[in-house]
Amino acid sequence: MAATPGVRSPGEGTAGMARFEATTSDEVGRVRVALAGECDLEVREELTAALLAAVHRSPVVVVDLGGLDFLDSSGVHGLITAHRAAKESGRRLFVVNPTGAVATVLDLTGVGALLSPPPKPGPGSSPPPKPGPGSSPPPKPGPGVSPPASNGRG
């Protein structure tokens, strides 16, 4: 059977290992889902099921993409589906360790920024100050700035 350009035959280029694998492990305060191999339309349901199960088990899900060699729009859709489910239930899902073409896909689609973990505070850094008594109110429009126009229906 000849390979069609742009289409991988099952097992092609895997050197005897599974084409896709999602391994879930419990960690303190979170669940880690490590993805390996190729994530495409053929494994979309497996990916989505693994991510949604993790979202239902923990308030924080970390998806480790370090072992992932390929990610297409089906895989991106699975990540977004799980992210939405997490957000709707007050939980969080992050991706870590994307490399090569996987990192490029996430960057081009904006999903890398959407699902990146919050920055860790560095040594000696403190959280930004919270507004409180004595803090100044937001600036008001200066002279020459007109209020928004009324449509006459108010």
# chains A, B, ... in the order shown; residues from 1 in each chain; ligands from 1

call {"tool": "residues_around", "arguments": {"residues": "A:Pro59", "least_positions_apart": "5", "cutoff": "10 Å", "atoms": "only C-alpha atoms", "output": "list in words"}}
result
Gly29, Arg30, Val31, Ala54, Ala86, Lys87, Ser89, Gly90, Arg91, Arg92 and Leu93 of chain A
